[in-house]
>>> print(open('coords_38.cif').read())   # mmCIF, C-alpha atoms and all ligand atoms
data_final
#
loop_
_atom_site.label_atom_id
_atom_site.label_comp_id
_atom_site.auth_asym_id
_atom_site.auth_seq_id
_atom_site.Cartn_x
_atom_site.Cartn_y
_atom_site.Cartn_z
CA MET A 1 -13.72 17.41 23.70
CA THR A 2 -11.51 16.64 20.69
CA HIS A 3 -12.50 18.24 17.44
CA VAL A 4 -13.84 15.66 15.00
CA LYS A 5 -12.52 16.10 11.46
CA LYS A 6 -14.62 15.08 8.52
CA PHE A 7 -12.75 13.45 5.62
CA MET A 8 -14.65 12.86 2.39
CA ILE A 9 -13.16 9.97 0.39
CA ILE A 10 -14.10 9.81 -3.28
CA VAL A 11 -13.95 6.56 -5.24
CA GLY A 12 -15.45 5.62 -8.58
CA ALA A 13 -13.55 2.96 -10.52
CA ARG A 14 -12.18 -0.54 -9.82
CA PRO A 15 -8.63 0.52 -8.87
CA ASN A 16 -10.04 3.22 -6.56
CA PHE A 17 -12.00 0.65 -4.58
CA ILE A 18 -8.96 -1.61 -4.14
CA LYS A 19 -6.73 1.29 -3.03
CA GLY A 20 -9.50 2.86 -0.93
CA ALA A 21 -9.96 -0.29 1.18
CA PRO A 22 -6.73 0.02 3.25
CA LEU A 23 -7.23 3.78 3.59
CA LEU A 24 -10.74 3.38 5.01
CA GLN A 25 -9.56 0.60 7.33
CA GLU A 26 -6.87 2.88 8.71
CA ILE A 27 -9.19 5.88 9.09
CA ALA A 28 -11.60 3.67 11.07
CA LYS A 29 -8.91 3.38 13.79
CA TYR A 30 -9.12 7.12 14.51
CA GLN A 31 -12.00 8.22 16.72
CA ASN A 32 -11.46 11.86 15.82
CA ILE A 33 -11.91 11.31 12.06
CA LYS A 34 -15.35 10.92 10.56
CA PRO A 35 -15.17 9.39 7.07
CA VAL A 36 -17.79 10.16 4.45
CA LEU A 37 -17.48 7.76 1.54
CA VAL A 38 -18.70 8.86 -1.88
CA HIS A 39 -18.97 6.43 -4.83
CA THR A 40 -19.34 8.40 -8.04
CA GLY A 41 -20.81 5.44 -9.94
CA GLN A 42 -18.21 5.65 -12.74
CA HIS A 43 -17.99 1.84 -12.53
CA TYR A 44 -21.25 0.11 -11.69
CA ASP A 45 -21.31 -3.54 -12.89
CA TYR A 46 -21.34 -5.91 -9.92
CA LYS A 47 -17.94 -7.32 -10.92
CA MET A 48 -16.39 -3.87 -11.40
CA SER A 49 -17.77 -2.38 -8.18
CA GLN A 50 -19.91 -4.07 -5.52
CA ILE A 51 -17.80 -7.26 -5.41
CA PHE A 52 -14.85 -5.21 -4.07
CA PHE A 53 -17.00 -3.66 -1.34
CA GLN A 54 -18.07 -7.14 -0.25
CA GLU A 55 -14.77 -8.98 -0.52
CA LEU A 56 -12.55 -6.20 0.84
CA ALA A 57 -15.05 -5.24 3.58
CA ILE A 58 -15.36 -1.66 2.37
CA PRO A 59 -18.25 0.08 4.13
CA GLN A 60 -21.24 0.86 1.92
CA PRO A 61 -20.85 4.37 0.50
CA ASP A 62 -22.65 7.21 2.25
CA TYR A 63 -23.48 8.53 -1.21
CA ASN A 64 -23.64 6.85 -4.60
CA LEU A 65 -23.84 9.50 -7.30
CA GLY A 66 -24.74 6.93 -9.96
CA VAL A 67 -23.21 8.88 -12.83
CA GLY A 68 -22.46 5.84 -15.03
CA SER A 69 -20.62 5.84 -18.35
CA ALA A 70 -20.33 8.79 -20.75
CA SER A 71 -17.76 10.74 -22.76
CA HIS A 72 -14.92 12.30 -20.78
CA ALA A 73 -16.41 15.80 -20.54
CA THR A 74 -19.91 14.54 -19.77
CA GLN A 75 -18.76 12.02 -17.16
CA THR A 76 -16.42 14.50 -15.44
CA ALA A 77 -19.06 17.23 -15.48
CA LYS A 78 -21.81 14.90 -14.21
CA ILE A 79 -19.62 13.86 -11.28
CA MET A 80 -18.92 17.51 -10.45
CA LEU A 81 -22.59 18.48 -10.67
CA ALA A 82 -23.58 15.65 -8.37
CA LEU A 83 -20.69 16.19 -5.95
CA GLU A 84 -21.10 19.90 -5.35
CA PRO A 85 -24.35 19.71 -3.34
CA VAL A 86 -22.97 16.76 -1.35
CA MET A 87 -19.86 18.75 -0.42
CA LEU A 88 -21.95 21.81 0.43
CA GLU A 89 -24.17 19.71 2.67
CA GLU A 90 -21.40 17.69 4.35
CA LYS A 91 -18.82 20.51 4.62
CA PRO A 92 -15.83 18.14 4.87
CA ASP A 93 -12.55 19.40 6.34
CA LEU A 94 -10.68 17.51 3.62
CA VAL A 95 -11.43 15.66 0.40
CA ILE A 96 -9.29 12.61 -0.46
CA VAL A 97 -9.00 11.40 -4.05
CA VAL A 98 -7.08 8.38 -5.33
CA GLY A 99 -5.31 7.51 -8.57
CA ASP A 100 -5.90 8.98 -12.02
CA VAL A 101 -9.44 8.29 -13.18
CA ASN A 102 -12.10 10.83 -14.14
CA SER A 103 -13.63 10.55 -10.65
CA THR A 104 -10.25 11.63 -9.21
CA LEU A 105 -10.06 14.86 -11.19
CA ALA A 106 -13.77 15.67 -10.80
CA GLY A 107 -13.51 15.20 -7.02
CA ALA A 108 -10.43 17.39 -6.71
CA LEU A 109 -11.80 20.16 -8.93
CA THR A 110 -15.17 20.32 -7.17
CA ALA A 111 -13.45 20.51 -3.77
CA VAL A 112 -10.93 23.27 -4.59
CA LYS A 113 -13.67 25.41 -6.14
CA LEU A 114 -15.39 25.20 -2.74
CA GLN A 115 -12.07 25.95 -1.03
CA ILE A 116 -11.92 22.53 0.60
CA PRO A 117 -8.35 21.16 0.93
CA VAL A 118 -7.55 18.13 -1.24
CA ALA A 119 -5.29 15.14 -0.61
CA HIS A 120 -4.21 13.10 -3.65
CA ILE A 121 -3.06 9.52 -3.14
CA GLU A 122 -0.74 8.25 -5.90
CA ALA A 123 0.45 11.74 -6.79
CA GLY A 124 3.45 12.54 -8.97
CA LEU A 125 3.28 9.66 -11.47
CA ARG A 126 3.82 10.71 -15.09
CA SER A 127 3.78 8.72 -18.32
CA PHE A 128 4.52 11.94 -20.29
CA ASP A 129 1.89 10.79 -22.78
CA MET A 130 -0.91 13.35 -22.94
CA ALA A 131 -2.87 11.06 -25.27
CA MET A 132 -3.68 9.03 -22.14
CA PRO A 133 -6.73 10.41 -20.34
CA GLU A 134 -5.09 9.37 -17.07
CA GLU A 135 -2.07 11.64 -17.68
CA ILE A 136 -4.38 14.66 -17.94
CA ASN A 137 -6.16 13.63 -14.75
CA ARG A 138 -2.86 13.12 -12.89
CA ARG A 139 -1.35 16.45 -13.85
CA LEU A 140 -4.43 18.52 -13.09
CA THR A 141 -5.25 16.73 -9.84
CA ASP A 142 -1.70 17.19 -8.56
CA HIS A 143 -1.78 20.91 -9.27
CA LEU A 144 -5.08 21.24 -7.37
CA SER A 145 -3.98 19.28 -4.30
CA ASP A 146 -2.69 20.42 -0.91
CA PHE A 147 -1.33 17.02 0.17
CA LEU A 148 0.47 15.02 -2.50
CA PHE A 149 1.07 11.44 -1.38
CA VAL A 150 3.71 9.99 -3.67
CA SER A 151 4.20 6.25 -4.20
CA GLU A 152 7.75 6.13 -5.59
CA ASP A 153 10.87 8.41 -5.62
CA ILE A 154 10.41 9.57 -9.21
CA GLY A 155 7.09 11.17 -8.24
CA VAL A 156 8.87 13.68 -6.01
CA LYS A 157 11.16 14.66 -8.90
CA ASN A 158 8.25 14.96 -11.34
CA LEU A 159 6.31 17.24 -9.00
CA SER A 160 9.33 19.40 -8.15
CA ARG A 161 10.07 19.82 -11.86
CA GLU A 162 6.52 21.12 -12.31
CA GLY A 163 7.09 23.72 -9.60
CA ILE A 164 5.01 22.14 -6.85
CA VAL A 165 6.38 23.25 -3.49
CA ARG A 166 8.27 20.58 -1.56
CA ASN A 167 6.30 20.94 1.66
CA LYS A 168 3.12 19.66 -0.01
CA ILE A 169 4.87 16.45 -1.16
CA TYR A 170 5.00 13.31 1.00
CA LEU A 171 6.78 10.16 -0.15
CA VAL A 172 4.70 7.45 1.55
CA GLY A 173 4.90 4.37 -0.70
CA ASP A 174 2.25 2.62 -2.73
CA ILE A 175 -1.16 2.05 -1.13
CA LEU A 176 -1.85 -0.73 -3.64
CA ILE A 177 0.80 -2.78 -1.82
CA ASP A 178 -1.19 -2.29 1.40
CA ALA A 179 -4.20 -3.83 -0.35
CA LEU A 180 -2.10 -6.72 -1.61
CA GLN A 181 -0.46 -7.25 1.80
CA ASN A 182 -3.88 -7.26 3.47
CA GLU A 183 -4.83 -10.20 1.27
CA LYS A 184 -1.57 -11.97 2.15
CA ARG A 185 -2.20 -11.42 5.85
CA LYS A 186 -5.44 -13.37 5.54
CA VAL A 187 -3.41 -16.60 5.10
CA LYS A 188 -0.81 -17.97 7.46
CA ASN A 189 2.22 -18.65 5.24
CA GLY A 190 2.60 -15.07 3.99
CA LYS A 191 1.51 -16.01 0.48
CA VAL A 192 -1.41 -14.79 -1.54
CA LYS A 193 -4.51 -16.83 -0.74
CA ASN A 194 -4.99 -19.84 -2.95
CA THR A 195 -8.60 -19.42 -3.98
CA LYS A 196 -10.32 -22.08 -6.07
CA ILE A 197 -9.80 -20.14 -9.27
CA LEU A 198 -7.02 -22.39 -10.63
CA SER A 199 -8.94 -25.61 -10.13
CA LYS A 200 -12.09 -24.00 -11.51
CA PHE A 201 -10.29 -23.54 -14.84
CA LYS A 202 -8.12 -26.69 -14.49
CA LEU A 203 -4.88 -24.69 -14.37
CA GLU A 204 -1.55 -25.81 -12.96
CA PRO A 205 0.65 -23.19 -11.26
CA LYS A 206 3.19 -21.56 -13.63
CA SER A 207 1.63 -23.19 -16.69
CA TYR A 208 -0.40 -20.26 -17.99
CA ALA A 209 -0.26 -16.52 -18.69
CA VAL A 210 -2.77 -13.89 -17.57
CA LEU A 211 -3.88 -11.08 -19.87
CA THR A 212 -5.70 -7.84 -19.06
CA LEU A 213 -6.41 -5.13 -21.58
CA HIS A 214 -8.49 -1.98 -21.35
CA ARG A 215 -6.55 1.08 -22.53
CA PRO A 216 -8.41 3.00 -25.25
CA ALA A 217 -5.16 3.01 -27.29
CA ASN A 218 -5.23 -0.81 -27.35
CA VAL A 219 -8.91 -1.68 -27.56
CA ASP A 220 -10.87 1.15 -29.12
CA ASN A 221 -9.40 0.87 -32.62
CA PRO A 222 -10.52 -2.45 -34.20
CA LYS A 223 -7.31 -2.68 -36.28
CA THR A 224 -5.06 -2.38 -33.25
CA LEU A 225 -7.15 -4.85 -31.28
CA LYS A 226 -7.02 -7.32 -34.16
CA LYS A 227 -3.25 -6.97 -34.35
CA LEU A 228 -2.93 -7.67 -30.63
CA LEU A 229 -5.27 -10.67 -30.82
CA LYS A 230 -3.04 -12.10 -33.55
CA ILE A 231 -0.03 -11.81 -31.24
CA PHE A 232 -1.92 -13.45 -28.39
CA ALA A 233 -2.89 -16.33 -30.72
CA ILE A 234 0.83 -16.96 -31.40
CA ILE A 235 1.65 -16.97 -27.68
CA GLN A 236 -1.37 -19.14 -26.90
CA LYS A 237 0.17 -21.94 -29.00
CA ARG A 238 2.90 -22.21 -26.37
CA VAL A 239 1.15 -21.24 -23.17
CA PRO A 240 -2.57 -20.87 -22.47
CA ILE A 241 -3.76 -17.32 -21.91
CA ILE A 242 -6.39 -16.56 -19.28
CA PHE A 243 -8.13 -13.28 -19.99
CA PRO A 244 -10.48 -11.65 -17.45
CA VAL A 245 -12.12 -9.14 -19.76
CA HIS A 246 -12.77 -5.50 -18.81
CA PRO A 247 -16.26 -4.29 -19.89
CA ARG A 248 -14.78 -1.66 -22.24
CA THR A 249 -12.92 -4.45 -24.04
CA GLN A 250 -15.84 -6.88 -23.93
CA LYS A 251 -17.79 -4.48 -26.12
CA LYS A 252 -15.05 -4.59 -28.79
CA LEU A 253 -13.99 -8.25 -28.78
CA PRO A 254 -14.90 -10.60 -31.65
CA PRO A 255 -17.02 -13.59 -30.54
CA ASP A 256 -14.15 -16.09 -30.64
CA THR A 257 -10.72 -14.93 -29.58
CA GLY A 258 -9.34 -18.45 -29.00
CA LEU A 259 -8.29 -17.33 -25.51
CA THR A 260 -9.88 -18.36 -22.22
CA CYS A 261 -12.02 -15.28 -21.64
CA LEU A 262 -13.52 -14.74 -18.18
CA ALA A 263 -15.68 -12.05 -16.61
CA PRO A 264 -13.69 -9.57 -14.47
CA LEU A 265 -12.58 -11.25 -11.24
CA GLY A 266 -12.81 -10.17 -7.61
CA TYR A 267 -9.52 -9.21 -5.97
CA PRO A 268 -8.71 -12.46 -4.06
CA ASP A 269 -9.36 -14.58 -7.16
CA PHE A 270 -7.42 -12.22 -9.39
CA LEU A 271 -4.41 -12.11 -7.04
CA SER A 272 -4.48 -15.88 -6.74
CA LEU A 273 -4.50 -16.16 -10.54
CA ILE A 274 -1.62 -13.74 -11.19
CA SER A 275 0.55 -14.89 -8.30
CA GLN A 276 0.70 -18.38 -9.82
CA ALA A 277 1.00 -17.30 -13.45
CA LYS A 278 4.13 -17.84 -15.54
CA PHE A 279 3.81 -14.26 -16.72
CA VAL A 280 1.35 -11.43 -17.23
CA LEU A 281 0.48 -9.44 -20.35
CA THR A 282 -1.24 -6.16 -19.54
CA ASP A 283 -1.82 -2.48 -20.10
CA SER A 284 -3.01 -1.92 -16.53
CA GLY A 285 -1.27 0.50 -14.19
CA GLY A 286 -1.95 -1.45 -11.01
CA LEU A 287 -0.81 -4.76 -12.43
CA GLN A 288 2.67 -3.43 -13.21
CA THR A 289 3.09 -2.76 -9.49
CA GLU A 290 1.49 -5.98 -8.28
CA THR A 291 3.58 -8.20 -10.57
CA THR A 292 6.74 -6.43 -9.41
CA PHE A 293 5.84 -7.07 -5.79
CA LEU A 294 4.91 -10.71 -6.52
CA LYS A 295 8.04 -11.16 -8.71
CA ILE A 296 6.03 -12.26 -11.73
CA PRO A 297 7.34 -11.20 -15.16
CA CYS A 298 5.07 -8.59 -16.75
CA LEU A 299 4.98 -7.58 -20.40
CA THR A 300 3.32 -4.19 -20.61
CA LEU A 301 1.51 -3.53 -23.87
CA ARG A 302 2.29 0.17 -23.85
CA GLU A 303 5.18 2.36 -25.04
CA THR A 304 5.36 4.35 -21.80
CA THR A 305 4.82 3.80 -18.12
CA GLU A 306 4.12 6.13 -15.23
CA LYS A 307 5.79 3.53 -13.00
CA PRO A 308 9.45 3.36 -14.08
CA LEU A 309 10.37 1.67 -10.79
CA THR A 310 8.71 -1.53 -12.03
CA VAL A 311 11.00 -1.49 -15.07
CA GLU A 312 14.11 -0.77 -12.96
CA GLN A 313 13.20 -3.70 -10.70
CA GLY A 314 13.47 -5.97 -13.74
CA THR A 315 9.99 -7.51 -13.69
CA ASN A 316 8.28 -5.13 -16.12
CA ILE A 317 9.16 -4.85 -19.80
CA LEU A 318 7.56 -2.21 -22.01
CA CYS A 319 6.63 -3.87 -25.31
CA GLY A 320 4.05 -1.56 -26.88
CA GLN A 321 2.18 -3.40 -29.61
CA ASN A 322 5.40 -4.70 -31.16
CA GLN A 323 4.90 -8.36 -32.16
CA LYS A 324 8.61 -9.15 -32.48
CA LYS A 325 9.46 -7.65 -29.10
CA ILE A 326 6.53 -9.33 -27.32
CA ILE A 327 7.34 -12.79 -28.72
CA GLN A 328 11.05 -12.34 -27.95
CA GLU A 329 10.26 -11.45 -24.34
CA VAL A 330 7.88 -14.41 -23.99
CA ASP A 331 10.73 -16.65 -25.22
CA LYS A 332 13.07 -15.22 -22.63
CA ILE A 333 10.55 -15.74 -19.84
CA LEU A 334 9.86 -19.34 -20.87
CA ASN A 335 13.59 -20.13 -21.05
CA ASN A 336 15.12 -18.21 -18.14
CA PRO A 337 13.99 -17.88 -14.53
CA LEU A 338 13.55 -14.32 -13.28
CA LYS A 339 16.32 -12.95 -11.05
CA ILE A 340 15.04 -12.51 -7.52
CA ILE A 341 14.98 -8.87 -6.56
CA GLN A 342 14.39 -6.95 -3.37
CA SER A 343 11.11 -5.05 -3.14
CA PRO A 344 11.35 -1.25 -2.91
CA LYS A 345 11.78 -0.05 0.66
CA LEU A 346 8.43 1.69 1.14
CA TRP A 347 6.45 -1.27 -0.20
CA ASN A 348 5.78 -2.70 3.24
CA GLY A 349 2.02 -2.32 3.55
CA LYS A 350 2.18 0.74 5.81
CA THR A 351 1.31 3.47 3.32
CA ALA A 352 -2.23 4.04 4.63
CA GLN A 353 -0.80 4.37 8.17
CA ARG A 354 1.67 7.02 7.00
CA ILE A 355 -0.99 8.95 5.09
CA VAL A 356 -3.57 9.11 7.87
CA LYS A 357 -0.93 10.06 10.43
CA ILE A 358 0.11 13.01 8.26
CA LEU A 359 -3.50 14.06 7.63
CA ASN A 360 -4.40 13.88 11.32
CA TYR A 361 -2.10 16.80 12.12
C1 LIG A 401 -11.38 3.80 -16.28
C2 LIG A 401 -10.28 4.83 -16.13
C3 LIG A 401 -8.94 4.17 -16.31
C4 LIG A 401 -8.76 2.98 -15.40
C5 LIG A 401 -9.94 2.02 -15.56
C6 LIG A 401 -9.85 0.96 -14.51
C7 LIG A 401 -10.83 7.12 -16.83
C8 LIG A 401 -10.65 8.15 -17.88
N1 LIG A 401 -10.41 5.89 -17.12
O1 LIG A 401 -11.31 3.31 -17.64
O2 LIG A 401 -7.92 5.10 -16.02
O3 LIG A 401 -7.58 2.33 -15.70
O4 LIG A 401 -11.17 2.74 -15.37
O5 LIG A 401 -10.62 -0.15 -14.82
O6 LIG A 401 -11.32 7.44 -15.77
N2 LIG A 401 -18.39 -0.12 -18.51
C9 LIG A 401 -19.32 -1.06 -18.18
N3 LIG A 401 -19.55 -1.30 -16.86
C10 LIG A 401 -18.90 -0.67 -15.86
C11 LIG A 401 -17.94 0.29 -16.22
C12 LIG A 401 -17.70 0.56 -17.54
O7 LIG A 401 -19.96 -1.65 -19.06
O8 LIG A 401 -19.16 -0.96 -14.67
C13 LIG A 401 -18.10 0.13 -19.94
C14 LIG A 401 -18.94 1.24 -20.55
O9 LIG A 401 -19.23 0.90 -21.88
C15 LIG A 401 -17.99 2.42 -20.56
C16 LIG A 401 -16.63 1.75 -20.77
O10 LIG A 401 -16.73 0.50 -20.09
O11 LIG A 401 -18.28 3.34 -21.55
C17 LIG A 401 -15.48 2.54 -20.21
O12 LIG A 401 -15.68 2.90 -18.84
P1 LIG A 401 -14.95 4.20 -18.23
O13 LIG A 401 -15.15 4.25 -16.77
O14 LIG A 401 -15.31 5.42 -19.02
O15 LIG A 401 -13.43 3.93 -18.58
P2 LIG A 401 -12.56 2.65 -18.31
O16 LIG A 401 -12.08 2.14 -19.63
O17 LIG A 401 -13.27 1.73 -17.40
N1 LIG A 402 -8.11 -6.53 -11.00
C1 LIG A 402 -9.09 -7.34 -10.44
N2 LIG A 402 -9.82 -8.17 -11.26
C2 LIG A 402 -9.61 -8.23 -12.60
C3 LIG A 402 -8.61 -7.40 -13.17
C4 LIG A 402 -7.90 -6.54 -12.34
O1 LIG A 402 -9.30 -7.32 -9.23
O2 LIG A 402 -10.29 -9.01 -13.29
C5 LIG A 402 -7.37 -5.61 -10.12
C6 LIG A 402 -5.86 -5.61 -10.27
O3 LIG A 402 -5.27 -6.57 -9.41
C7 LIG A 402 -5.47 -4.20 -9.89
C8 LIG A 402 -6.66 -3.39 -10.31
O4 LIG A 402 -7.74 -4.30 -10.48
O5 LIG A 402 -5.31 -4.05 -8.50
C9 LIG A 402 -6.29 -2.73 -11.63
O6 LIG A 402 -7.39 -2.24 -12.23
P1 LIG A 402 -7.40 -1.81 -13.75
O7 LIG A 402 -6.40 -2.57 -14.51
O8 LIG A 402 -8.81 -1.87 -14.13
O9 LIG A 402 -6.99 -0.27 -13.64
P2 LIG A 402 -5.58 0.50 -13.67
O10 LIG A 402 -4.74 0.01 -12.57
O11 LIG A 402 -5.00 0.30 -15.03
O12 LIG A 402 -6.00 1.92 -13.48
#
>>> encode(input="coords_38.cif", output="structure tokens")
Amino acid sequence: MTHVKKFMIIVGARPNFIKGAPLLQEIAKYQNIKPVLVHTGQHYDYKMSQIFFQELAIPQPDYNLGVGSASHATQTAKIMLALEPVMLEEKPDLVIVVGDVNSTLAGALTAVKLQIPVAHIEAGLRSFDMAMPEEINRRLTDHLSDFLFVSEDIGVKNLSREGIVRNKIYLVGDILIDALQNEKRKVKNGKVKNTKILSKFKLEPKSYAVLTLHRPANVDNPKTLKKLLKIFAIIQKRVPIIFPVHPRTQKKLPPDTGLTCLAPLGYPDFLSLISQAKFVLTDSGGLQTETTFLKIPCLTLRETTEKPLTVEQGTNILCGQNQKKIIQEVDKILNNPLKIIQSPKLWNGKTAQRIVKILNY
């Protein structure tokens, strides 16, 4: 009889669910791997959580820790407190964490303290900005992990520079592209599915911009947020801005922004919206990758990025909160078509396959 290995997969926030979907689909193909899915409850609104389970056919979690929102220390500690008995009970052979959110670090730290090996998907990315909570989570999680699955070349260099031994590092590509490709595979012509989202808001393809915003550095300080809203108002005079609003940001927004504000969207609707946009304004990590793959210009409202490949590919421009730079770049986009570029070689939708093959040693 073959030995059945138990893999515990920990997810907690919107980008974890999207990246977890292709991983769980791949694991399901292996009879000798038993997955145990744990949802920490970091995100809990229907449109930040359950909608992804439904639309991306993610199995219902075996455990939902229901930790909810709190300060960094409290949230991280609550996840660890709730995870420890689950890990002791389930005794997984491996714990898999994804990305750079508090659930990622809490999962990795709880596992190593119990001497359970850890695999980190999306390892090696660095923004070199320790004011970002994600940068802290990335660095610590990488140094706790036994398998570091890196999405782009630079990740290998970053990890080597930090003294992580080469035989723990695996360059496998970006699992977010697997999620995106899975959506494309659902339609025949190899394009992203045209959901009804454009007609719902009476939008013509390439006639609007999409905005997402949720970084504490952009939304938590009312002065900064006001400054950004002023810039968006200038852009909006030339091209309408569609803004699916993250709940963190919703709590800070004034009642009338002048933009078309929507609730957060499910993944098929959101991909449909961005794939037909003229350009994207964002501070999201995932969106920098998705726009590069879809060849949509992206103006990133940050000074740094952990994904320099997206900048090298020519789709992503780092603009910070600089009004002059942002408006200049919008002008360029409206006046010049983007040069068509080749997607990076490992962005072929087979990252989950590579990861599970390596883990099933
Ligand atoms: C978290 C991640 C961030 C990631 C983002 C993806 C950390 C430190 N941050 O940021 O890296 O880019 O998720 O979306 O892990 N809230 C709700 N409903 C929800 C979830 C959150 O109302 O379902 C509100 C709460 O007021 C909460 C705030 O949003 O306090 C922030 O949520 P939190 O999970 O702490 O951080 P995010 O900004 O979502
Ligand atoms: N996304 C979504 N609906 C939205 C906004 C974003 O499905 O209304 C998707 C987006 O395509 C990407 C992921 O959510 O795959 C990014 O999540 P977010 O920006 O919250 O987190 P980050 O990537 O910055 O950690």
>>> closest_atom_pairs(input="coords_38.cif", of="chain A", to="ligand LIG 402 (chain A)", cutoff="6 Å", atoms="all atoms listed in the file", output="tab-separated table")
residue	atom	partner	partner_atom	distance
A:Arg14	CA	A:LIG402	O6	5.6
A:Pro15	CA	A:LIG402	O6	4.5
A:Pro244	CA	A:LIG402	O2	4.9
A:Pro264	CA	A:LIG402	O2	3.6
A:Leu265	CA	A:LIG402	O2	3.8
A:Gly266	CA	A:LIG402	O1	4.8
A:Tyr267	CA	A:LIG402	O1	3.8
A:Phe270	CA	A:LIG402	N2	5.1
A:Ser284	CA	A:LIG402	O11	3.3
A:Gly285	CA	A:LIG402	O11	3.8
A:Gly286	CA	A:LIG402	O10	3.5
A:Leu287	CA	A:LIG402	C7	5.3
>>> residues_around(input="coords_38.cif", residues="stretch 176-182 of chain A", least_positions_apart="4", cutoff="7 Å", atoms="only C-alpha atoms", output="PyMOL selection string")
chain A and resi 18-19+21-22+186+347+349-351
>>> residues_around(input="coords_38.cif", residues="A:Ala263", least_positions_apart="5", cutoff="9 Å", atoms="all atoms listed in the file", output="JSON list (two decimals) with C-alpha atoms, in the frame of the given file")
[["chain", "number", "residue", "atom", "x", "y", "z"],
["A", 47, "LYS", "CA", -17.94, -7.32, -10.92],
["A", 243, "PHE", "CA", -8.13, -13.28, -19.99],
["A", 244, "PRO", "CA", -10.48, -11.65, -17.45],
["A", 245, "VAL", "CA", -12.12, -9.14, -19.76],
["A", 246, "HIS", "CA", -12.77, -5.50, -18.81],
["A", 247, "PRO", "CA", -16.26, -4.29, -19.89],
["A", 250, "GLN", "CA", -15.84, -6.88, -23.93]]
>>> residues_near_point(input="coords_38.cif", point="(-10.6, 14.8, 2.7)", cutoff="7 Å", atoms="all atoms listed in the file", output="PyMOL selection string")
chain A and resi 7-9+92-96+117-119
>>> atom_distance(input="coords_38.cif", atom1="atom CA of A:Val219", atom2="atom CA of A:Lys307")
21.3 Å
>>> atom_distance(input="coords_38.cif", atom1="atom CA of A:Ser49", atom2="atom CA of A:Val101")
14.4 Å
>>> residues_near_point(input="coords_38.cif", point="(-5.3, 2.7, -22.3)", cutoff="10 Å", atoms="only C-alpha atoms", output="VMD selection string")
chain A and resid 131 to 134 213 to 220 283 to 285 301 to 302
>>> atom_distance(input="coords_38.cif", atom1="atom CA of A:His120", atom2="atom CA of A:Thr104")
8.3 Å
>>> closest_residue(input="coords_38.cif", among="A:Leu105, A:Ile358, A:Ile33, A:Leu83", to="ligand LIG 401 (chain A)", atoms="all atoms listed in the file")
A:Leu105
>>> residues_around(input="coords_38.cif", residues="A:Ser103", least_positions_apart="5", cutoff="7 Å", atoms="only C-alpha atoms", output="number ranges by chain")
A: 11-12, 40, 76, 79
>>> residues_around(input="coords_38.cif", residues="A:Tyr63", least_positions_apart="5", cutoff="9 Å", atoms="only C-alpha atoms", output="list in words")
Val36, Leu37, Val38, His39, Thr40 and Val86 of chain A
>>> closest_residue(input="coords_38.cif", among="A:Ile355, A:Ile27, A:Cys298, A:Ala70", to="ligand LIG 401 (chain A)", atoms="only C-alpha atoms and all ligand atoms")
A:Ala70
>>> closest_residue(input="coords_38.cif", among="A:Glu152, A:Asp100, A:Asp174, A:Glu122", to="ligand LIG 401 (chain A)", atoms="all atoms listed in the file")
A:Asp100
>>> closest_residue(input="coords_38.cif", among="A:Leu56, A:Asn335, A:Val210, A:Lys295", to="A:Leu23", atoms="all atoms listed in the file")
A:Leu56
>>> closest_residue(input="coords_38.cif", among="A:Ala13, A:Leu299, A:Ile116, A:Val4", to="ligand LIG 401 (chain A)", atoms="all atoms listed in the file")
A:Ala13
>>> residues_around(input="coords_38.cif", residues="stretch 124-128 of chain A", least_positions_apart="4", cutoff="7 Å", atoms="only C-alpha atoms", output="list in words")
Glu135, Asp142, Val150, Gly155, Val156, Asn158, Leu159, Thr304, Thr305, Glu306 and Lys307 of chain A
>>> closest_residue(input="coords_38.cif", among="A:Asn221, A:Ser71, A:Thr212, A:Asn322", to="A:Thr282", atoms="all atoms listed in the file")
A:Thr212
